[in-house]
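> To be precise about what I am sending: the file is called model14.txt and holds compact mmCIF, C-alpha atoms and all ligand atoms.
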# COMPACT_ATOMS: atom_id res chain seq x y z
CA MET A 1394 0.00 0.00 0.00
CA LEU A 1395 1.37 3.34 -1.00
CA VAL A 1396 0.04 5.66 1.68
CA THR A 1397 0.34 8.87 -0.34
CA ARG A 1398 -1.96 7.37 -2.99
CA GLN A 1399 -4.77 6.32 -0.62
CA LYS A 1400 -6.97 9.40 -0.27
CA VAL A 1401 -8.92 8.11 2.71
CA LEU A 1402 -5.75 8.20 4.84
CA ARG A 1403 -5.98 11.99 4.67
CA ARG A 1404 -9.07 11.73 6.85
CA PHE A 1405 -7.28 10.56 10.01
CA TRP A 1406 -5.63 12.57 12.77
CA TYR A 1407 -1.87 12.12 13.13
CA PRO A 1408 0.42 13.43 15.88
CA VAL A 1409 3.14 15.53 14.23
CA MET A 1410 5.20 17.12 17.01
CA PRO A 1411 5.19 17.70 20.77
CA GLU A 1412 3.27 20.81 21.77
CA THR A 1413 6.44 22.27 23.29
CA THR A 1414 8.19 22.15 19.89
CA LEU A 1415 5.78 24.63 18.32
CA ALA A 1416 6.66 28.08 19.67
CA ALA A 1417 4.20 30.98 19.55
CA ASP A 1418 6.45 33.04 17.29
CA ARG A 1419 7.82 30.63 14.71
CA PRO A 1420 6.12 28.53 12.03
CA LEU A 1421 7.47 25.02 11.40
CA PRO A 1422 7.29 22.82 8.30
CA PHE A 1423 6.08 19.22 8.31
CA ARG A 1424 5.50 16.69 5.53
CA LEU A 1425 2.37 14.59 5.98
CA LEU A 1426 1.35 11.93 3.45
CA GLY A 1427 3.61 13.58 0.91
CA ARG A 1428 2.07 17.03 1.42
CA ASP A 1429 4.16 19.94 2.65
CA ILE A 1430 2.33 21.75 5.42
CA VAL A 1431 3.22 24.53 7.84
CA LEU A 1432 2.29 24.49 11.52
CA TRP A 1433 1.91 27.70 13.52
CA ARG A 1434 0.03 29.14 16.46
CA SER A 1435 -2.85 31.50 15.74
CA ARG A 1436 -5.06 33.39 18.20
CA ASP A 1437 -4.65 32.29 21.84
CA GLY A 1438 -1.98 29.85 20.77
CA ALA A 1439 -4.40 27.58 18.90
CA PRO A 1440 -2.45 25.36 16.49
CA ALA A 1441 -3.10 25.91 12.80
CA ALA A 1442 -1.99 23.98 9.72
CA LEU A 1443 -1.85 25.31 6.16
CA ALA A 1444 -0.42 24.13 2.87
CA ASP A 1445 3.20 25.29 2.92
CA ARG A 1446 2.96 27.31 -0.26
CA CYS A 1447 2.17 30.98 -0.80
CA PRO A 1448 -0.39 31.43 -3.57
CA HIS A 1449 1.36 34.63 -4.73
CA ARG A 1450 4.72 33.36 -6.01
CA GLY A 1451 5.00 29.96 -4.41
CA ALA A 1452 7.35 30.74 -1.50
CA LYS A 1453 7.24 28.41 1.49
CA LEU A 1454 5.13 29.91 4.27
CA SER A 1455 7.18 27.99 6.84
CA ALA A 1456 10.00 30.46 6.01
CA GLY A 1457 7.65 33.31 6.96
CA PHE A 1458 6.76 35.04 10.23
CA LEU A 1459 3.79 35.78 12.44
CA ASP A 1460 2.14 39.15 11.79
CA ALA A 1461 0.27 40.43 14.85
CA ALA A 1462 -0.95 43.60 13.07
CA VAL A 1463 -4.03 41.90 11.66
CA PRO A 1464 -7.48 41.97 13.29
CA GLY A 1465 -8.03 38.68 15.11
CA GLY A 1466 -4.33 37.94 14.53
CA PRO A 1467 -1.70 36.81 14.53
CA ALA A 1468 -1.71 35.67 10.92
CA LEU A 1469 0.98 33.73 9.11
CA ALA A 1470 2.91 36.08 6.80
CA CYS A 1471 4.99 35.14 3.79
CA ALA A 1472 8.67 36.15 3.93
CA TYR A 1473 8.67 37.25 0.26
CA HIS A 1474 6.09 40.11 0.09
CA GLY A 1475 4.38 39.87 3.46
CA TRP A 1476 0.97 38.59 2.41
CA ALA A 1477 -0.64 37.13 5.50
CA PHE A 1478 -3.02 34.22 5.96
CA GLY A 1479 -5.48 33.27 8.70
CA PRO A 1480 -5.89 29.80 10.22
CA ASP A 1481 -8.62 29.11 7.64
CA GLY A 1482 -6.10 29.80 4.84
CA ARG A 1483 -7.77 33.05 3.74
CA CYS A 1484 -5.47 35.89 2.66
CA VAL A 1485 -6.13 38.60 5.26
CA LYS A 1486 -3.42 41.09 4.38
CA VAL A 1487 -1.67 42.37 1.27
CA PRO A 1488 0.73 45.05 2.58
CA GLN A 1489 1.25 46.61 -0.90
CA ALA A 1490 -2.49 47.24 -1.46
CA HIS A 1491 -4.29 50.59 -0.84
CA ASP A 1492 -6.32 48.85 1.78
CA PRO A 1493 -3.94 46.14 3.08
CA LEU A 1494 -6.41 44.54 5.47
CA ARG A 1495 -9.00 43.87 2.78
CA GLY A 1496 -6.90 40.86 1.97
CA MET A 1497 -7.59 39.03 -1.23
CA LYS A 1498 -9.90 36.33 -2.54
CA GLY A 1499 -8.42 32.90 -2.48
CA GLY A 1500 -5.60 31.88 -0.26
CA THR A 1501 -3.86 28.72 0.72
CA ARG A 1502 -5.37 25.42 1.77
CA ALA A 1503 -6.17 24.92 5.46
CA HIS A 1504 -6.05 21.61 7.32
CA HIS A 1505 -7.45 20.55 10.70
CA ALA A 1506 -5.06 21.06 13.62
CA ALA A 1507 -5.49 20.48 17.36
CA ALA A 1508 -3.50 20.06 20.56
CA ARG A 1509 -4.21 16.87 22.53
CA HIS A 1510 -2.27 14.62 24.91
CA GLY A 1511 0.60 17.14 24.84
CA TRP A 1512 1.09 16.77 21.06
CA ILE A 1513 0.02 18.69 17.97
CA TRP A 1514 -2.26 16.64 15.72
CA VAL A 1515 -3.17 17.28 12.07
CA CYS A 1516 -5.87 15.88 9.81
CA LEU A 1517 -5.54 16.91 6.16
CA GLU A 1518 -9.24 16.49 5.31
CA ASP A 1519 -12.49 15.99 7.23
CA PRO A 1520 -11.76 13.46 10.00
CA LEU A 1521 -13.50 10.09 10.02
CA HIS A 1522 -12.74 9.50 13.71
CA PRO A 1523 -11.82 11.74 16.65
CA ILE A 1524 -8.26 11.94 17.97
CA PRO A 1525 -7.58 8.65 19.84
CA GLU A 1526 -8.95 8.57 23.37
CA ILE A 1527 -6.41 7.52 25.98
CA PRO A 1528 -8.23 7.14 29.33
CA GLU A 1529 -4.96 7.21 31.30
CA ALA A 1530 -4.19 10.68 29.86
CA ALA A 1531 -6.99 12.18 31.95
CA ASP A 1532 -6.17 10.11 35.06
CA PRO A 1533 -4.11 12.05 37.61
CA ARG A 1534 -2.49 8.80 38.82
CA PHE A 1535 -0.45 8.75 35.61
CA ARG A 1536 2.38 11.00 34.51
CA ARG A 1537 3.30 11.58 30.86
CA ILE A 1538 6.85 11.32 29.53
CA ASP A 1539 7.55 12.43 25.95
CA GLU A 1540 10.09 10.02 24.46
CA PHE A 1541 10.81 10.27 20.73
CA HIS A 1542 10.08 12.46 17.76
CA GLU A 1543 12.19 11.30 14.84
CA PRO A 1544 11.81 10.13 11.23
CA TRP A 1545 12.37 6.44 10.43
CA ALA A 1546 12.71 4.95 6.95
CA VAL A 1547 9.81 2.54 7.60
CA ALA A 1548 6.17 2.35 6.52
CA GLY A 1549 3.59 3.04 9.24
CA LEU A 1550 1.96 -0.38 8.85
CA ARG A 1551 5.27 -2.14 9.49
CA ILE A 1552 5.69 -0.18 12.72
CA MET A 1553 2.12 -0.85 13.81
CA GLU A 1554 2.22 -4.59 13.21
CA ASN A 1555 5.58 -4.76 14.96
CA SER A 1556 4.02 -3.07 18.00
CA PHE A 1557 1.55 -5.97 18.33
CA ASP A 1558 3.91 -8.75 17.30
CA THR A 1559 5.00 -10.77 20.32
CA ALA A 1560 6.83 -13.27 18.07
CA HIS A 1561 9.86 -11.06 17.48
CA PHE A 1562 10.81 -10.56 21.15
CA SER A 1563 13.20 -13.55 21.30
CA TYR A 1564 15.13 -12.31 18.27
CA VAL A 1565 15.00 -8.53 17.99
CA HIS A 1566 14.84 -7.93 21.75
CA ALA A 1567 17.17 -10.72 22.88
CA ALA A 1568 19.39 -8.13 24.58
CA THR A 1569 16.62 -6.23 26.38
CA PHE A 1570 13.47 -8.13 27.37
CA GLY A 1571 13.17 -11.11 25.01
CA ILE A 1572 13.66 -14.72 26.07
CA PRO A 1573 16.01 -16.13 23.41
CA GLU A 1574 15.56 -19.73 24.48
CA ASP A 1575 11.76 -19.62 24.14
CA PRO A 1576 10.56 -18.06 20.88
CA ARG A 1577 6.98 -19.33 21.14
CA PRO A 1578 4.72 -16.29 21.50
CA ALA A 1579 2.01 -16.06 24.14
CA PRO A 1580 -1.57 -16.55 22.93
CA SER A 1581 -3.57 -13.39 22.31
CA THR A 1582 -7.15 -12.33 21.64
CA ILE A 1583 -8.44 -9.52 19.48
CA GLU A 1584 -11.58 -7.49 19.97
CA HIS A 1585 -12.55 -5.22 17.10
CA THR A 1586 -13.81 -1.70 17.74
CA ALA A 1587 -15.09 1.12 15.52
CA TRP A 1588 -11.61 2.70 15.52
CA GLY A 1589 -9.39 -0.39 15.35
CA PHE A 1590 -8.95 -3.23 17.83
CA VAL A 1591 -7.82 -4.20 21.29
CA MET A 1592 -5.34 -7.07 21.59
CA ARG A 1593 -4.91 -8.83 24.92
CA SER A 1594 -2.06 -11.10 25.85
CA GLU A 1595 0.14 -12.13 28.77
CA ALA A 1596 3.69 -12.28 27.52
CA PRO A 1597 6.52 -13.70 29.67
CA VAL A 1598 9.61 -11.49 29.31
CA SER A 1599 13.05 -11.40 30.84
CA ASN A 1600 13.97 -8.71 33.34
CA ARG A 1601 17.55 -7.56 33.09
CA GLY A 1602 19.73 -4.50 33.44
CA ILE A 1603 17.91 -1.20 33.68
CA SER A 1604 14.57 -3.04 33.65
CA LYS A 1605 15.33 -4.39 37.15
CA ASP A 1606 15.65 -0.81 38.41
CA LEU A 1607 12.50 0.31 36.66
CA LEU A 1608 10.40 -2.63 37.82
CA LYS A 1609 11.97 -2.68 41.28
CA THR A 1610 12.52 -6.42 41.24
CA GLU A 1611 15.60 -8.62 40.92
CA ALA A 1612 13.59 -11.50 39.41
CA GLU A 1613 15.05 -12.74 36.12
CA ARG A 1614 11.59 -13.13 34.57
CA THR A 1615 8.35 -11.25 34.70
CA VAL A 1616 5.17 -11.08 32.68
CA ARG A 1617 3.65 -8.28 30.67
CA ILE A 1618 -0.12 -8.16 30.86
CA ILE A 1619 -0.81 -6.38 27.60
CA GLU A 1620 -3.87 -4.46 26.46
CA GLY A 1621 -2.75 -3.13 23.10
CA ARG A 1622 -5.10 -0.63 21.49
CA TRP A 1623 -4.61 -0.10 17.77
CA PHE A 1624 -6.20 2.94 16.18
CA LEU A 1625 -6.62 3.02 12.41
CA PRO A 1626 -4.35 3.55 10.62
CA PHE A 1627 -1.02 4.17 12.39
CA PHE A 1628 -1.43 4.86 16.11
CA ARG A 1629 -1.28 2.59 19.12
CA ALA A 1630 -1.63 2.96 22.87
CA SER A 1631 -0.40 -0.26 24.47
CA ARG A 1632 -1.06 -0.66 28.15
CA ILE A 1633 1.34 -2.97 29.96
CA ASP A 1634 0.59 -3.99 33.55
CA TYR A 1635 3.31 -5.72 35.55
CA PRO A 1636 2.61 -8.10 38.44
CA GLY A 1637 4.38 -5.70 40.84
CA GLY A 1638 1.71 -3.05 40.17
CA LEU A 1639 3.45 -0.80 37.66
CA THR A 1640 1.46 0.31 34.61
CA HIS A 1641 3.26 1.63 31.53
CA ILE A 1642 1.28 2.83 28.51
CA LEU A 1643 3.27 3.16 25.30
CA CYS A 1644 1.76 5.57 22.81
CA THR A 1645 3.26 5.52 19.34
CA GLY A 1646 2.18 7.39 16.26
CA ALA A 1647 3.86 6.19 13.06
CA THR A 1648 2.83 9.36 11.27
CA PRO A 1649 3.20 8.91 7.50
CA ILE A 1650 5.66 11.44 6.07
CA ASP A 1651 5.61 9.80 2.64
CA ASP A 1652 5.39 6.26 1.28
CA ALA A 1653 8.71 5.16 2.74
CA HIS A 1654 9.10 7.29 5.91
CA SER A 1655 7.25 7.72 9.18
CA MET A 1656 7.67 10.25 11.96
CA ILE A 1657 7.85 8.30 15.18
CA CYS A 1658 5.94 10.20 17.84
CA GLN A 1659 6.24 8.29 21.10
CA TRP A 1660 5.26 9.09 24.64
CA VAL A 1661 4.34 7.05 27.70
CA TYR A 1662 2.08 7.24 30.73
CA ARG A 1663 3.31 5.64 33.92
CA SER A 1664 1.76 4.93 37.26
CA ASP A 1665 5.02 5.47 39.19
CA THR A 1666 6.71 8.73 40.13
CA GLU A 1667 9.84 10.54 39.03
CA ALA A 1668 11.41 9.50 42.36
CA ASP A 1669 10.58 5.83 41.63
CA ALA A 1670 11.91 5.90 38.08
CA PRO A 1671 13.53 9.01 36.60
CA SER A 1672 12.28 9.92 33.12
CA GLU A 1673 15.79 9.55 31.67
CA LYS A 1674 15.90 5.90 32.75
CA VAL A 1675 12.44 5.19 31.34
CA ILE A 1676 13.47 6.81 28.04
CA ALA A 1677 16.84 5.00 28.03
CA PHE A 1678 15.15 1.60 28.28
CA ASP A 1679 12.57 2.40 25.60
CA ARG A 1680 15.37 3.89 23.46
CA ALA A 1681 17.27 0.61 23.58
CA VAL A 1682 14.13 -1.32 22.63
CA THR A 1683 13.05 1.00 19.81
CA THR A 1684 16.58 1.04 18.38
CA GLU A 1685 16.41 -2.76 18.19
CA ASP A 1686 13.10 -2.50 16.34
CA ARG A 1687 14.30 0.28 14.08
CA THR A 1688 17.41 -1.61 12.99
CA VAL A 1689 15.37 -4.47 11.58
CA LEU A 1690 12.29 -2.49 10.49
CA GLU A 1691 14.36 -0.17 8.30
CA THR A 1692 15.36 -3.25 6.28
CA THR A 1693 11.71 -4.13 5.48
CA THR A 1694 9.86 -3.15 2.31
CA PHE A 1695 7.63 -0.10 2.57
CA ASP A 1696 5.01 -1.01 -0.04
CA VAL A 1697 3.24 -3.34 2.40
CA PRO A 1698 0.74 -5.54 0.55
CA LEU A 1699 -2.72 -5.81 2.08
CA ALA A 1700 -3.69 -8.90 0.07
CA MET A 1701 -3.34 -12.06 2.18
CA GLY A 1702 -1.41 -14.11 -0.38
CA ALA A 1703 1.31 -11.55 -1.03
CA GLU A 1704 3.35 -12.34 2.09
CA ARG A 1705 3.63 -15.57 4.09
CA HIS A 1706 2.05 -15.56 7.55
CA MET A 1707 2.12 -17.57 10.78
CA PRO A 1708 -0.59 -17.80 13.47
CA ALA A 1709 1.17 -15.20 15.67
CA ASP A 1710 0.76 -12.64 12.87
CA LYS A 1711 -2.95 -12.26 13.64
CA PRO A 1712 -2.75 -8.57 14.67
CA GLY A 1713 -0.90 -7.64 11.47
CA ILE A 1714 -3.37 -9.68 9.41
CA GLU A 1715 -6.31 -7.94 11.09
CA MET A 1716 -4.68 -4.57 10.33
CA ARG A 1717 -4.44 -5.53 6.65
CA ARG A 1718 -8.08 -6.64 6.65
CA ARG A 1719 -9.30 -3.44 8.28
CA LEU A 1720 -7.24 -1.25 5.97
CA ALA A 1721 -8.42 -3.16 2.89
CA ALA A 1722 -12.03 -2.80 4.10
CA LEU A 1723 -11.52 0.91 4.69
CA LEU A 1724 -10.21 1.41 1.17
CA ALA A 1725 -13.08 -0.62 -0.29
CA GLU A 1726 -15.64 1.32 1.73
CA HIS A 1727 -14.28 4.57 0.30
CA GLY A 1728 -14.14 3.27 -3.26
CA GLU A 1729 -10.37 3.02 -3.41
CA ALA A 1730 -8.19 0.27 -4.78
CA GLU A 1731 -4.92 -0.51 -3.05
CA ALA A 1732 -2.16 1.46 -4.81
CA ARG A 1733 1.09 -0.49 -5.13
CA LEU A 1734 4.38 -0.06 -6.91
CA PRO A 1735 4.41 -1.74 -10.32
CA LYS A 1736 5.80 -5.28 -10.12
CA GLU A 1737 9.44 -5.55 -11.12
CA ALA A 1738 9.88 -7.17 -14.53
S1 LIG B 1 5.40 34.89 -2.63
FE1 LIG B 1 4.34 35.06 -0.81
S2 LIG B 1 3.80 37.12 -0.67
FE2 LIG B 1 4.79 36.96 -2.56
FE FE B 2 9.77 -4.70 19.10
Starting from the coordinates I provided, produce the structure as structure tokens.
Ligand code: FES
Ligand SMILES: [Fe+2]

Amino acid sequence: MLVTRQKVLRRFWYPVMPETTLAADRPLPFRLLGRDIVLWRSRDGAPAALADRCPHRGAKLSAGFLDAAVPGGPALACAYHGWAFGPDGRCVKVPQAHDPLRGMKGGTRAHHAAARHGWIWVCLEDPLHPIPEIPEAADPRFRRIDEFHEPWAVAGLRIMENSFDTAHFSYVHAATFGIPEDPRPAPSTIEHTAWGFVMRSEAPVSNRGISKDLLKTEAERTVRIIEGRWFLPFFRASRIDYPGGLTHILCTGATPIDDAHSMICQWVYRSDTEADAPSEKVIAFDRAVTTEDRTVLETTTFDVPLAMGAERHMPADKPGIEMRRRLAALLAEHGEAEARLPKEA
């Protein structure tokens, strides 16, 4: 599936950057599903997203500045001749005109933008679903730690299926939490929802190194009680409960930059405190794990086929198979065929 060619994918919310990254006085570029957009903060700091192209002479608006001298401003001004645009994309100022604030008909394209869970989210067209609900985000017993915001050369679907794949632990994560001598994955169940599915499993894992500090146990083995929530198309919030009482919720957006690249947006919620487990240690452990995943995932093909016969599967691949089914159904429902690269001769 080539994500930039599937129009319906423009109707989902994607996290693009932590809220703290987007300052009040500086626009930032982002590429989403192959489209160049510009993020900025309009009135009262509300995030706004526009096509990153000035309709006058095609300059990038992300190279522009915020113009406060506009009613209801600030507006996003182009660096070339200072035309300014509101959060709806309308041109609200042409400084060279007799009446600069009359603006001009036409403007640049506006997209949906919102701040939620400490991140900026964008939806290019009218959203089919709300931004994913994460109950723990509103629960004061949990703290949030922002972990990663970095581009990987991997398709979003590969990252999503990997996040629900307990069969790779013994290989990819042999040095962190996998059990190399027992590659058989734990059984799992899947419950479909309107927005994706919930996978449940109890996966035995090893407990070594920094993990012993974080889990506050010297035991060599523990178990992860997993409630993995997958949100169409490329977001997951996986809750992991440990027998000792710790809860760790991994939130990962594999936001599609283009067909072959995803922006990894990852944060966690934890039931312990900074005194129990400093954020740097939590991030260091998850960094080690995600680096293991990244190393192998960046070797995979990005044009992930949705058709069942195109790749070989094993029973433990059920979550990835269900993702393919749901995505294929979504495309069919919206009258789209799966776009793929032409077969090599
Ligand atoms: S190119 Fe943007 S104002 Fe001229
Ligand atoms: Fe992994």
> What's around Ala1507 of chain A at 8 Å? Count only C-alpha atoms, leave out sequence neighbours fewer than 3 positions away in its own chain, and write the answer as a ChimeraX atom specification.
/A:1439-1441,1513-1515
> Compile the contact shell of Pro1544 of chain A as a count of residues only: residues with an atom at most 7 Å away, counting all atoms listed in the file, same-chain residues fewer than 4 positions apart removed.
4
> Between A:Phe1627, A:Phe1570, A:Phe1478, A:Trp1433, which has the minimum distance to Val1547 of chain A (counting all atoms listed in the file)?
A:Phe1627
> Show me, as a tab-separated table, the residues of segment 1586-1616 of chain A having an atom within 12 Å of segment 1553-1568 of chain A, each with the closest atom pair and its distance in Å, using all atoms listed in the file.

residue	atom	partner	partner_atom	distance
A:Gly1589	CA	A:Met1553	CA	11.6
A:Phe1590	CA	A:Phe1557	CA	10.9
A:Val1591	CA	A:Phe1557	CA	10.0
A:Met1592	CA	A:Phe1557	CA	7.7
A:Arg1593	CA	A:Phe1557	CA	9.7
A:Ser1594	CA	A:Thr1559	CA	9.0
A:Glu1595	CA	A:Thr1559	CA	9.8
A:Ala1596	CA	A:Thr1559	CA	7.5
A:Pro1597	CA	A:Thr1559	CA	9.9
A:Val1598	CA	A:Phe1562	CA	8.3
A:Ser1599	CA	A:Ala1567	CA	9.0
A:Asn1600	CA	A:Ala1568	CA	10.3
A:Arg1601	CA	A:Ala1568	CA	8.7
A:Gly1602	CA	A:Ala1568	CA	9.6
A:Ile1603	CA	A:Ala1568	CA	11.5
A:Ser1604	CA	A:Ala1568	CA	11.5
> Report, in Å with one decimal, the straight-line distance from atom CA of Pro1698 of chain A to atom CA of Leu1720 of chain A.
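Taking atom CA of Pro1698 of chain A and atom CA of Leu1720 of chain A, their separation equals 10.6 Å.
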> Could you jot down the atom CA of Glu1613 of chain A to atom CA of Ile1552 of chain A separation for me, Å, one decimal place?
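For atom CA of Glu1613 of chain A relative to atom CA of Ile1552 of chain A, the distance reads 28.2 Å.
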> Which is closest to Arg1622 of chain A among A:Gly1427, A:Pro1528, A:Gly1571, A:Pro1448, if we use all atoms listed in the file?
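Closest to Arg1622 of chain A of all the choices is A:Pro1528.
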> What is the atom CA of Ala1668 of chain A-atom CA of Gly1637 of chain A distance in Å, reported with one decimal?
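According to the coordinates, atom CA of Ala1668 of chain A and atom CA of Gly1637 of chain A are separated by 16.8 Å.
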> Output the neighbourhood of ligand LIG 1 (chain B) as a list in words, that is, all protein and nucleic acid residues with some atom at most 6 Å from the ligand, counting only C-alpha atoms and all ligand atoms.
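Taking only C-alpha atoms and all ligand atoms into account, the residues around ligand LIG 1 (chain B) at most 6 Å away are Cys1447, His1449, Arg1450, Gly1451, Ala1452, Cys1471, Tyr1473, His1474, Gly1475 and Trp1476 of chain A.
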> Convert the current residue selection to file output with C-alpha atoms, as a short mmCIF file (atom, residue, chain, number, x, y, z; two decimals), keeping the file's coordinate frame.

data_model
loop_
_atom_site.label_atom_id
_atom_site.label_comp_id
_atom_site.auth_asym_id
_atom_site.auth_seq_id
_atom_site.Cartn_x
_atom_site.Cartn_y
_atom_site.Cartn_z
CA CYS A 1447 2.17 30.98 -0.80
CA HIS A 1449 1.36 34.63 -4.73
CA ARG A 1450 4.72 33.36 -6.01
CA GLY A 1451 5.00 29.96 -4.41
CA ALA A 1452 7.35 30.74 -1.50
CA CYS A 1471 4.99 35.14 3.79
CA TYR A 1473 8.67 37.25 0.26
CA HIS A 1474 6.09 40.11 0.09
CA GLY A 1475 4.38 39.87 3.46
CA TRP A 1476 0.97 38.59 2.41
#
> Residues at most 8 Å from His1505 of chain A, counting all atoms listed in the file, excluding those fewer than 4 positions away in the same chain, as number ranges by chain?
A: 1441-1442, 1515-1519
> Just add N, CA and C atoms to segment 1535-1548 of chain A and send it as a compact mmCIF listing (two decimals), in the coordinates of the input.

# COMPACT_ATOMS: atom_id res chain seq x y z
N PHE A 1535 -1.50 9.01 36.61
CA PHE A 1535 -0.45 8.75 35.61
C PHE A 1535 0.30 10.03 35.26
N ARG A 1536 1.59 9.88 35.04
CA ARG A 1536 2.38 11.00 34.51
C ARG A 1536 2.70 10.69 33.05
N ARG A 1537 2.95 11.77 32.28
CA ARG A 1537 3.30 11.58 30.86
C ARG A 1537 4.77 11.89 30.67
N ILE A 1538 5.45 11.05 29.89
CA ILE A 1538 6.85 11.32 29.53
C ILE A 1538 6.93 11.30 28.01
N ASP A 1539 7.35 12.40 27.41
CA ASP A 1539 7.55 12.43 25.95
C ASP A 1539 8.88 11.75 25.66
N GLU A 1540 8.86 10.80 24.72
CA GLU A 1540 10.09 10.02 24.46
C GLU A 1540 10.78 10.37 23.15
N PHE A 1541 10.11 10.12 22.03
CA PHE A 1541 10.81 10.27 20.73
C PHE A 1541 9.98 11.04 19.74
N HIS A 1542 10.69 11.75 18.88
CA HIS A 1542 10.08 12.46 17.76
C HIS A 1542 11.14 12.48 16.68
N GLU A 1543 11.09 11.45 15.80
CA GLU A 1543 12.19 11.30 14.84
C GLU A 1543 11.70 10.51 13.62
N PRO A 1544 12.23 10.85 12.43
CA PRO A 1544 11.81 10.13 11.23
C PRO A 1544 12.54 8.79 11.09
N TRP A 1545 11.80 7.75 10.74
CA TRP A 1545 12.37 6.44 10.43
C TRP A 1545 12.04 6.12 8.97
N ALA A 1546 12.95 5.37 8.33
CA ALA A 1546 12.71 4.95 6.95
C ALA A 1546 11.91 3.65 6.96
N VAL A 1547 10.68 3.71 7.44
CA VAL A 1547 9.81 2.54 7.60
C VAL A 1547 8.37 2.97 7.33
N ALA A 1548 7.60 2.08 6.72
CA ALA A 1548 6.17 2.35 6.52
C ALA A 1548 5.42 2.24 7.85
